[in-house]
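Dropping upload.cif in here (mmCIF, C-alpha atoms; chains and numbers go by the auth columns):
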```cif
data_upload
#
loop_
_atom_site.group_PDB
_atom_site.id
_atom_site.type_symbol
_atom_site.label_atom_id
_atom_site.label_comp_id
_atom_site.label_asym_id
_atom_site.label_seq_id
_atom_site.Cartn_x
_atom_site.Cartn_y
_atom_site.Cartn_z
_atom_site.B_iso_or_equiv
_atom_site.auth_seq_id
_atom_site.auth_asym_id
ATOM 1 C CA MET A 1 -13.980 18.540 9.280 0.00 1081 A
ATOM 2 C CA LYS A 2 -16.811 20.654 10.741 0.00 1082 A
ATOM 3 C CA ASN A 3 -18.325 17.689 12.560 0.00 1083 A
ATOM 4 C CA ASP A 4 -14.904 16.836 13.924 0.00 1084 A
ATOM 5 C CA LEU A 5 -14.440 20.397 15.186 0.00 1085 A
ATOM 6 C CA ASP A 6 -17.848 20.277 16.827 0.00 1086 A
ATOM 7 C CA LYS A 7 -16.880 17.031 18.531 0.00 1087 A
ATOM 8 C CA ILE A 8 -13.571 18.515 19.714 0.00 1088 A
ATOM 9 C CA LYS A 9 -15.361 21.603 21.001 0.00 1089 A
ATOM 10 C CA GLU A 10 -17.903 19.451 22.837 0.00 1090 A
ATOM 11 C CA ILE A 11 -15.276 17.257 24.490 0.00 1091 A
ATOM 12 C CA TYR A 12 -12.388 19.679 25.088 0.00 1092 A
ATOM 13 C CA GLY A 13 -14.064 23.089 25.056 0.00 1093 A
ATOM 14 C CA GLU A 14 -14.041 26.019 22.705 0.00 1094 A
ATOM 15 C CA SER A 15 -10.500 27.038 23.659 0.00 1095 A
ATOM 16 C CA SER A 16 -9.215 23.841 22.059 0.00 1096 A
ATOM 17 C CA ILE A 17 -10.488 25.050 18.682 0.00 1097 A
ATOM 18 C CA TYR A 18 -8.550 28.291 19.085 0.00 1098 A
ATOM 19 C CA GLU A 19 -5.405 26.365 20.024 0.00 1099 A
ATOM 20 C CA LEU A 20 -5.737 24.242 16.892 0.00 1100 A
ATOM 21 C CA GLN A 21 -6.177 27.378 14.782 0.00 1101 A
ATOM 22 C CA GLU A 22 -3.148 29.042 16.364 0.00 1102 A
ATOM 23 C CA ASN A 23 -1.037 25.972 15.633 0.00 1103 A
ATOM 24 C CA ILE A 24 -2.484 25.105 12.249 0.00 1104 A
ATOM 25 C CA GLU A 25 0.940 24.481 10.691 0.00 1105 A
ATOM 26 C CA GLU A 26 1.820 21.758 13.215 0.00 1106 A
ATOM 27 C CA LEU A 27 -1.675 20.310 12.941 0.00 1107 A
ATOM 28 C CA ILE A 28 -1.490 20.016 9.154 0.00 1108 A
ATOM 29 C CA SER A 29 2.103 18.768 9.119 0.00 1109 A
ATOM 30 C CA ASN A 30 1.385 16.094 11.716 0.00 1110 A
ATOM 31 C CA MET A 31 -1.787 15.025 9.915 0.00 1111 A
ATOM 32 C CA LYS A 32 0.177 14.685 6.673 0.00 1112 A
ATOM 33 C CA TYR A 33 2.774 12.576 8.447 0.00 1113 A
ATOM 34 C CA LEU A 34 0.139 10.125 9.690 0.00 1114 A
ATOM 35 C CA SER A 35 -1.308 10.005 6.191 0.00 1115 A
ATOM 36 C CA SER A 36 2.124 9.151 4.791 0.00 1116 A
ATOM 37 C CA LEU A 37 2.269 6.216 7.220 0.00 1117 A
ATOM 38 C CA GLY A 38 -0.955 4.774 5.843 0.00 1118 A
ATOM 39 C CA PHE A 39 -3.535 6.005 8.353 0.00 1119 A
ATOM 40 C CA THR A 40 -6.927 6.703 6.793 0.00 1120 A
ATOM 41 C CA ASP A 41 -8.886 7.705 9.914 0.00 1121 A
ATOM 42 C CA ILE A 42 -6.853 10.823 10.628 0.00 1122 A
ATOM 43 C CA TYR A 43 -9.863 13.058 11.306 0.00 1123 A
ATOM 44 C CA ASP A 44 -11.079 10.571 13.922 0.00 1124 A
ATOM 45 C CA ILE A 45 -7.652 10.561 15.523 0.00 1125 A
ATOM 46 C CA VAL A 46 -7.591 14.365 15.592 0.00 1126 A
ATOM 47 C CA SER A 47 -11.048 14.521 17.143 0.00 1127 A
ATOM 48 C CA THR A 48 -10.106 12.111 19.935 0.00 1128 A
ATOM 49 C CA HIS A 49 -6.527 13.331 20.531 0.00 1129 A
ATOM 50 C CA PRO A 50 -6.365 16.935 19.265 0.00 1130 A
ATOM 51 C CA TYR A 51 -3.576 18.093 21.548 0.00 1131 A
ATOM 52 C CA MET A 52 -1.289 15.380 20.254 0.00 1132 A
ATOM 53 C CA PHE A 53 -1.274 17.210 16.919 0.00 1133 A
ATOM 54 C CA LEU A 54 0.021 20.410 18.518 0.00 1134 A
ATOM 55 C CA ILE A 55 3.358 18.798 19.350 0.00 1135 A
ATOM 56 C CA ASP A 56 6.335 20.135 17.421 0.00 1136 A
ATOM 57 C CA GLU A 57 6.615 18.388 14.041 0.00 1137 A
ATOM 58 C CA ASP A 58 9.988 16.751 14.740 0.00 1138 A
ATOM 59 C CA ASP A 59 8.950 15.575 18.223 0.00 1139 A
ATOM 60 C CA PHE A 60 5.681 14.255 16.826 0.00 1140 A
ATOM 61 C CA LYS A 61 7.454 12.202 14.151 0.00 1141 A
ATOM 62 C CA GLU A 62 9.957 10.832 16.647 0.00 1142 A
ATOM 63 C CA LYS A 63 7.275 9.828 19.148 0.00 1143 A
ATOM 64 C CA VAL A 64 5.010 8.296 16.509 0.00 1144 A
ATOM 65 C CA ASP A 65 7.957 6.361 15.067 0.00 1145 A
ATOM 66 C CA LEU A 66 8.809 5.017 18.530 0.00 1146 A
ATOM 67 C CA LEU A 67 5.199 3.956 19.044 0.00 1147 A
ATOM 68 C CA ILE A 68 5.122 2.209 15.672 0.00 1148 A
ATOM 69 C CA LYS A 69 8.384 0.417 16.435 0.00 1149 A
ATOM 70 C CA LYS A 70 6.947 -0.717 19.771 0.00 1150 A
ATOM 71 C CA LEU A 71 3.695 -1.978 18.187 0.00 1151 A
ATOM 72 C CA GLY A 72 5.253 -3.755 15.220 0.00 1152 A
ATOM 73 C CA VAL A 73 4.123 -4.252 11.630 0.00 1153 A
ATOM 74 C CA GLU A 74 0.398 -4.313 12.421 0.00 1154 A
ATOM 75 C CA TYR A 75 0.544 -0.904 14.112 0.00 1155 A
ATOM 76 C CA ILE A 76 -2.399 0.546 12.183 0.00 1156 A
ATOM 77 C CA GLU A 77 -4.723 -2.262 13.202 0.00 1157 A
ATOM 78 C CA LYS A 78 -3.542 -2.123 16.818 0.00 1158 A
ATOM 79 C CA LEU A 79 -4.083 1.640 17.011 0.00 1159 A
ATOM 80 C CA GLU A 80 -7.522 1.329 15.426 0.00 1160 A
ATOM 81 C CA GLU A 81 -8.505 -1.336 17.963 0.00 1161 A
ATOM 82 C CA ASP A 82 -7.140 0.544 20.986 0.00 1162 A
ATOM 83 C CA THR A 83 -7.030 4.299 20.457 0.00 1163 A
ATOM 84 C CA SER A 84 -5.708 4.798 23.987 0.00 1164 A
ATOM 85 C CA LEU A 85 -2.327 3.669 22.622 0.00 1165 A
ATOM 86 C CA TRP A 86 -2.009 7.139 21.083 0.00 1166 A
ATOM 87 C CA GLU A 87 -1.432 8.433 24.609 0.00 1167 A
ATOM 88 C CA ASN A 88 2.121 7.072 24.296 0.00 1168 A
ATOM 89 C CA VAL A 89 2.832 9.995 21.961 0.00 1169 A
ATOM 90 C CA TYR A 90 2.218 12.386 24.881 0.00 1170 A
ATOM 91 C CA GLU A 91 4.967 10.804 26.991 0.00 1171 A
#
```

Write-out of the structure in C-alpha coordinates:
Amino acid sequence: MKNDLDKIKEIYGESSIYELQENIEELISNMKYLSSLGFTDIYDIVSTHPYMFLIDEDDFKEKVDLLIKKLGVEYIEKLEEDTSLWENVYE
(Lines of atoms letter the chains of each structure in order from A and count residues from 1; the text may use other names and numbers.)
(Lines give C-alpha, C1' and ligand atoms only; values in the text may rest on other atoms or scores of the structure.)
Protein backbone atom coordinates (compact mmCIF):
# COMPACT_ATOMS: atom_id res chain seq x y z
CA MET A 1 0.00 0.00 0.00
CA LYS A 2 2.99 2.34 0.46
CA ASN A 3 3.48 2.74 -3.28
CA ASP A 4 -0.21 3.47 -3.64
CA LEU A 5 -0.02 6.14 -0.93
CA ASP A 6 2.98 7.68 -2.65
CA LYS A 7 1.04 7.77 -5.90
CA ILE A 8 -1.98 9.36 -4.18
CA LYS A 9 0.27 11.93 -2.52
CA GLU A 10 1.93 12.73 -5.84
CA ILE A 11 -1.35 13.17 -7.70
CA TYR A 12 -3.65 14.66 -5.05
CA GLY A 13 -1.24 16.18 -2.53
CA GLU A 14 -0.23 15.33 0.99
CA SER A 15 -3.53 16.51 2.46
CA SER A 16 -5.27 13.63 0.69
CA ILE A 17 -3.26 11.17 2.77
CA TYR A 18 -4.42 12.87 5.96
CA GLU A 19 -8.04 12.76 4.77
CA LEU A 20 -7.74 9.03 4.11
CA GLN A 21 -6.27 8.51 7.58
CA GLU A 22 -9.03 10.55 9.22
CA ASN A 23 -11.66 8.48 7.43
CA ILE A 24 -9.96 5.11 7.66
CA GLU A 25 -13.16 3.32 8.70
CA GLU A 26 -15.02 4.37 5.54
CA LEU A 27 -11.96 3.62 3.43
CA ILE A 28 -11.63 0.08 4.78
CA SER A 29 -15.37 -0.62 4.70
CA ASN A 30 -15.70 0.57 1.11
CA MET A 31 -12.63 -1.40 0.04
CA LYS A 32 -14.10 -4.53 1.62
CA TYR A 33 -17.36 -3.95 -0.23
CA LEU A 34 -15.59 -3.80 -3.60
CA SER A 35 -13.70 -6.95 -2.67
CA SER A 36 -16.98 -8.70 -1.89
CA LEU A 37 -18.17 -7.80 -5.40
CA GLY A 38 -15.20 -9.55 -6.97
CA PHE A 39 -12.82 -6.66 -7.64
CA THR A 40 -9.16 -7.64 -7.33
CA ASP A 41 -7.52 -4.33 -8.28
CA ILE A 42 -8.85 -2.40 -5.30
CA TYR A 43 -5.54 -0.71 -4.46
CA ASP A 44 -5.35 0.60 -8.03
CA ILE A 45 -8.88 1.92 -7.75
CA VAL A 46 -8.06 3.63 -4.46
CA SER A 47 -4.94 5.22 -5.91
CA THR A 48 -6.83 6.65 -8.89
CA HIS A 49 -10.07 7.59 -7.08
CA PRO A 50 -9.20 8.01 -3.39
CA TYR A 51 -11.95 10.47 -2.55
CA MET A 52 -14.59 8.04 -3.75
CA PHE A 53 -13.67 5.84 -0.78
CA LEU A 54 -14.41 8.62 1.70
CA ILE A 55 -18.12 8.55 0.88
CA ASP A 56 -20.37 7.29 3.65
CA GLU A 57 -20.54 3.48 3.59
CA ASP A 58 -24.27 3.27 2.81
CA ASP A 59 -24.07 5.93 0.08
CA PHE A 60 -21.03 4.22 -1.40
CA LYS A 61 -22.80 0.85 -1.60
CA GLU A 62 -25.91 2.41 -3.13
CA LYS A 63 -23.94 4.32 -5.76
CA VAL A 64 -21.72 1.36 -6.64
CA ASP A 65 -24.79 -0.88 -6.92
CA LEU A 66 -26.44 1.62 -9.27
CA LEU A 67 -23.30 1.75 -11.40
CA ILE A 68 -23.12 -2.04 -11.56
CA LYS A 69 -26.79 -2.25 -12.53
CA LYS A 70 -26.18 0.31 -15.28
CA LEU A 71 -23.11 -1.55 -16.62
CA GLY A 72 -24.57 -5.05 -16.52
CA VAL A 73 -23.06 -8.45 -15.80
CA GLU A 74 -19.62 -7.63 -17.20
CA TYR A 75 -19.22 -4.64 -14.89
CA ILE A 76 -15.76 -5.63 -13.65
CA GLU A 77 -14.34 -5.86 -17.15
CA LYS A 78 -15.98 -2.58 -18.18
CA LEU A 79 -14.62 -0.75 -15.14
CA GLU A 80 -11.15 -2.19 -15.71
CA GLU A 81 -11.21 -1.03 -19.33
CA ASP A 82 -12.54 2.45 -18.56
CA THR A 83 -11.69 3.61 -15.05
CA SER A 84 -13.37 6.95 -15.70
CA LEU A 85 -16.68 5.11 -15.19
CA TRP A 86 -15.94 5.23 -11.45
CA GLU A 87 -16.73 8.94 -11.61
CA ASN A 88 -20.41 7.94 -11.69
CA VAL A 89 -20.06 7.09 -7.99
CA TYR A 90 -19.35 10.78 -7.28
CA GLU A 91 -22.68 11.89 -8.76

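For Glu1157 of chain A, the set of protein, DNA and RNA residues having any atom at most 10 Å away, when counting all atoms listed in the file and skipping those fewer than 5 positions along the same chain, is A:Phe1119, A:Leu1151, A:Asp1162.
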
Inset, instruction - Run the PyMOL selection byres ((chain A and resi 1085-1087) around 10) on the file and write out the hits as an MDAnalysis selection string. - result: chainID A and resid 1081:1084 1088:1094 1096:1097 1100 1123:1124 1126:1128 1130

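Atom CA of Val1169 of chain A is found 7.0 Å from atom CA of Met1132 of chain A.
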
Inset, instruction - Mind checking which residues fall within 9 Å of segment 1109-1116 of chain A, counting all atoms listed in the file, ignoring those fewer than 5 positions away in the same chain, and posting them as a PyMOL selection string? - result: chain A and resi 1104+1121-1123+1126+1132-1137+1140-1141+1144

How big is the axis-aligned box, and where does its centre sit, when it encloses all atoms of segment 1092-1111 of chain A listed in the file and has 3 Å added on every side, reported in Å to one decimal as lines of an AutoDock Vina configuration file?
```
center_x = -6.0
center_y = 22.0
center_z = 17.1
size_x = 22.2
size_y = 20.0
size_z = 22.0
```

Inset, instruction - Report as a list of chain:residue names the residues that result from applying the PyMOL selection byres ((chain A and resi 1168) around 10) to the structure here. - result: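 Here the PyMOL selection byres ((chain A and resi 1168) around 10) matches A:Met1132, A:Lys1143, A:Val1144, A:Leu1146, A:Leu1147, A:Ser1164, A:Leu1165, A:Trp1166, A:Glu1167, A:Val1169, A:Tyr1170, A:Glu1171.
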
Legend entry - 9 Å contact set for Ile1156 of chain A, only C-alpha atoms, chain neighbours under 6 positions out, as a PyMOL selection string: chain A and resi 1117-1119+1148

Legend entry - One-decimal distance in Å that lies between atom CA of Gln1101 of chain A and atom CA of Glu1161 of chain A: 29.0 Å

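Atom CA of Glu1160 of chain A is positioned 10.2 Å from atom CA of Thr1120 of chain A.
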
Would you mind putting back N, CA and C atoms on segment 1135-1170 of chain A, then writing it out as a PDB file, in the frame of the given file?
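The resulting file, result.pdb, is reproduced below:
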```pdb
ATOM      1  N   ILE A1135       1.958  19.050  19.030  1.00  0.00           N
ATOM      2  CA  ILE A1135       3.358  18.798  19.350  1.00  0.00           C
ATOM      3  C   ILE A1135       4.219  19.228  18.162  1.00  0.00           C
ATOM      4  N   ASP A1136       5.386  19.750  18.460  1.00  0.00           N
ATOM      5  CA  ASP A1136       6.335  20.135  17.421  1.00  0.00           C
ATOM      6  C   ASP A1136       6.501  19.002  16.415  1.00  0.00           C
ATOM      7  N   GLU A1137       6.569  19.360  15.149  1.00  0.00           N
ATOM      8  CA  GLU A1137       6.615  18.388  14.041  1.00  0.00           C
ATOM      9  C   GLU A1137       7.691  17.317  14.226  1.00  0.00           C
ATOM     10  N   ASP A1138       8.895  17.718  14.580  1.00  0.00           N
ATOM     11  CA  ASP A1138       9.988  16.751  14.740  1.00  0.00           C
ATOM     12  C   ASP A1138       9.734  15.819  15.927  1.00  0.00           C
ATOM     13  N   ASP A1139       9.271  16.388  17.042  1.00  0.00           N
ATOM     14  CA  ASP A1139       8.950  15.575  18.223  1.00  0.00           C
ATOM     15  C   ASP A1139       7.815  14.607  17.919  1.00  0.00           C
ATOM     16  N   PHE A1140       6.826  15.090  17.191  1.00  0.00           N
ATOM     17  CA  PHE A1140       5.681  14.255  16.826  1.00  0.00           C
ATOM     18  C   PHE A1140       6.155  13.045  16.018  1.00  0.00           C
ATOM     19  N   LYS A1141       6.953  13.293  14.995  1.00  0.00           N
ATOM     20  CA  LYS A1141       7.454  12.202  14.151  1.00  0.00           C
ATOM     21  C   LYS A1141       8.259  11.197  14.970  1.00  0.00           C
ATOM     22  N   GLU A1142       9.124  11.708  15.825  1.00  0.00           N
ATOM     23  CA  GLU A1142       9.957  10.832  16.647  1.00  0.00           C
ATOM     24  C   GLU A1142       9.104   9.962  17.566  1.00  0.00           C
ATOM     25  N   LYS A1143       8.121  10.571  18.215  1.00  0.00           N
ATOM     26  CA  LYS A1143       7.275   9.828  19.148  1.00  0.00           C
ATOM     27  C   LYS A1143       6.366   8.830  18.432  1.00  0.00           C
ATOM     28  N   VAL A1144       5.841   9.216  17.288  1.00  0.00           N
ATOM     29  CA  VAL A1144       5.010   8.296  16.509  1.00  0.00           C
ATOM     30  C   VAL A1144       5.860   7.132  16.009  1.00  0.00           C
ATOM     31  N   ASP A1145       7.062   7.423  15.540  1.00  0.00           N
ATOM     32  CA  ASP A1145       7.957   6.361  15.067  1.00  0.00           C
ATOM     33  C   ASP A1145       8.296   5.379  16.197  1.00  0.00           C
ATOM     34  N   LEU A1146       8.527   5.893  17.385  1.00  0.00           N
ATOM     35  CA  LEU A1146       8.809   5.017  18.530  1.00  0.00           C
ATOM     36  C   LEU A1146       7.602   4.138  18.859  1.00  0.00           C
ATOM     37  N   LEU A1147       6.415   4.719  18.786  1.00  0.00           N
ATOM     38  CA  LEU A1147       5.199   3.956  19.044  1.00  0.00           C
ATOM     39  C   LEU A1147       5.021   2.856  18.003  1.00  0.00           C
ATOM     40  N   ILE A1148       5.239   3.189  16.753  1.00  0.00           N
ATOM     41  CA  ILE A1148       5.122   2.209  15.672  1.00  0.00           C
ATOM     42  C   ILE A1148       6.128   1.075  15.862  1.00  0.00           C
ATOM     43  N   LYS A1149       7.346   1.429  16.204  1.00  0.00           N
ATOM     44  CA  LYS A1149       8.384   0.417  16.435  1.00  0.00           C
ATOM     45  C   LYS A1149       7.969  -0.513  17.579  1.00  0.00           C
ATOM     46  N   LYS A1150       7.394   0.060  18.611  1.00  0.00           N
ATOM     47  CA  LYS A1150       6.947  -0.717  19.771  1.00  0.00           C
ATOM     48  C   LYS A1150       5.796  -1.657  19.409  1.00  0.00           C
ATOM     49  N   LEU A1151       4.881  -1.192  18.535  1.00  0.00           N
ATOM     50  CA  LEU A1151       3.695  -1.978  18.187  1.00  0.00           C
ATOM     51  C   LEU A1151       3.956  -3.017  17.106  1.00  0.00           C
ATOM     52  N   GLY A1152       4.932  -2.798  16.274  1.00  0.00           N
ATOM     53  CA  GLY A1152       5.253  -3.755  15.220  1.00  0.00           C
ATOM     54  C   GLY A1152       4.513  -3.488  13.917  1.00  0.00           C
ATOM     55  N   VAL A1153       4.604  -4.452  12.998  1.00  0.00           N
ATOM     56  CA  VAL A1153       4.123  -4.252  11.630  1.00  0.00           C
ATOM     57  C   VAL A1153       2.621  -4.021  11.534  1.00  0.00           C
ATOM     58  N   GLU A1154       1.855  -4.506  12.456  1.00  0.00           N
ATOM     59  CA  GLU A1154       0.398  -4.313  12.421  1.00  0.00           C
ATOM     60  C   GLU A1154      -0.024  -3.107  13.259  1.00  0.00           C
ATOM     61  N   TYR A1155       0.794  -2.068  13.263  1.00  0.00           N
ATOM     62  CA  TYR A1155       0.544  -0.904  14.112  1.00  0.00           C
ATOM     63  C   TYR A1155      -0.770  -0.204  13.800  1.00  0.00           C
ATOM     64  N   ILE A1156      -1.153  -0.132  12.534  1.00  0.00           N
ATOM     65  CA  ILE A1156      -2.399   0.546  12.183  1.00  0.00           C
ATOM     66  C   ILE A1156      -3.589  -0.178  12.805  1.00  0.00           C
ATOM     67  N   GLU A1157      -3.621  -1.478  12.645  1.00  0.00           N
ATOM     68  CA  GLU A1157      -4.723  -2.262  13.202  1.00  0.00           C
ATOM     69  C   GLU A1157      -4.763  -2.158  14.719  1.00  0.00           C
ATOM     70  N   LYS A1158      -3.608  -2.211  15.356  1.00  0.00           N
ATOM     71  CA  LYS A1158      -3.542  -2.123  16.818  1.00  0.00           C
ATOM     72  C   LYS A1158      -4.033  -0.772  17.310  1.00  0.00           C
ATOM     73  N   LEU A1159      -3.661   0.295  16.606  1.00  0.00           N
ATOM     74  CA  LEU A1159      -4.083   1.640  17.011  1.00  0.00           C
ATOM     75  C   LEU A1159      -5.565   1.873  16.727  1.00  0.00           C
ATOM     76  N   GLU A1160      -6.097   1.227  15.698  1.00  0.00           N
ATOM     77  CA  GLU A1160      -7.522   1.329  15.426  1.00  0.00           C
ATOM     78  C   GLU A1160      -8.336   0.585  16.477  1.00  0.00           C
ATOM     79  N   GLU A1161      -7.815  -0.540  16.952  1.00  0.00           N
ATOM     80  CA  GLU A1161      -8.505  -1.336  17.963  1.00  0.00           C
ATOM     81  C   GLU A1161      -8.451  -0.692  19.337  1.00  0.00           C
ATOM     82  N   ASP A1162      -7.331  -0.055  19.669  1.00  0.00           N
ATOM     83  CA  ASP A1162      -7.140   0.544  20.986  1.00  0.00           C
ATOM     84  C   ASP A1162      -6.584   1.952  20.822  1.00  0.00           C
ATOM     85  N   THR A1163      -7.468   2.921  20.698  1.00  0.00           N
ATOM     86  CA  THR A1163      -7.030   4.299  20.457  1.00  0.00           C
ATOM     87  C   THR A1163      -6.310   4.906  21.659  1.00  0.00           C
ATOM     88  N   SER A1164      -6.428   4.279  22.818  1.00  0.00           N
ATOM     89  CA  SER A1164      -5.708   4.798  23.987  1.00  0.00           C
ATOM     90  C   SER A1164      -4.195   4.656  23.818  1.00  0.00           C
ATOM     91  N   LEU A1165      -3.758   3.820  22.887  1.00  0.00           N
ATOM     92  CA  LEU A1165      -2.327   3.669  22.622  1.00  0.00           C
ATOM     93  C   LEU A1165      -1.696   4.972  22.132  1.00  0.00           C
ATOM     94  N   TRP A1166      -2.516   5.843  21.544  1.00  0.00           N
ATOM     95  CA  TRP A1166      -2.009   7.139  21.083  1.00  0.00           C
ATOM     96  C   TRP A1166      -1.459   7.967  22.232  1.00  0.00           C
ATOM     97  N   GLU A1167      -1.900   7.677  23.445  1.00  0.00           N
ATOM     98  CA  GLU A1167      -1.432   8.433  24.609  1.00  0.00           C
ATOM     99  C   GLU A1167       0.076   8.291  24.802  1.00  0.00           C
ATOM    100  N   ASN A1168       0.667   7.244  24.226  1.00  0.00           N
ATOM    101  CA  ASN A1168       2.121   7.072  24.296  1.00  0.00           C
ATOM    102  C   ASN A1168       2.857   8.211  23.601  1.00  0.00           C
ATOM    103  N   VAL A1169       2.211   8.878  22.666  1.00  0.00           N
ATOM    104  CA  VAL A1169       2.832   9.995  21.961  1.00  0.00           C
ATOM    105  C   VAL A1169       2.994  11.183  22.897  1.00  0.00           C
ATOM    106  N   TYR A1170       2.138  11.283  23.912  1.00  0.00           N
ATOM    107  CA  TYR A1170       2.218  12.386  24.881  1.00  0.00           C
ATOM    108  C   TYR A1170       3.392  12.256  25.829  1.00  0.00           C
TER     109      TYR A1170
END
```
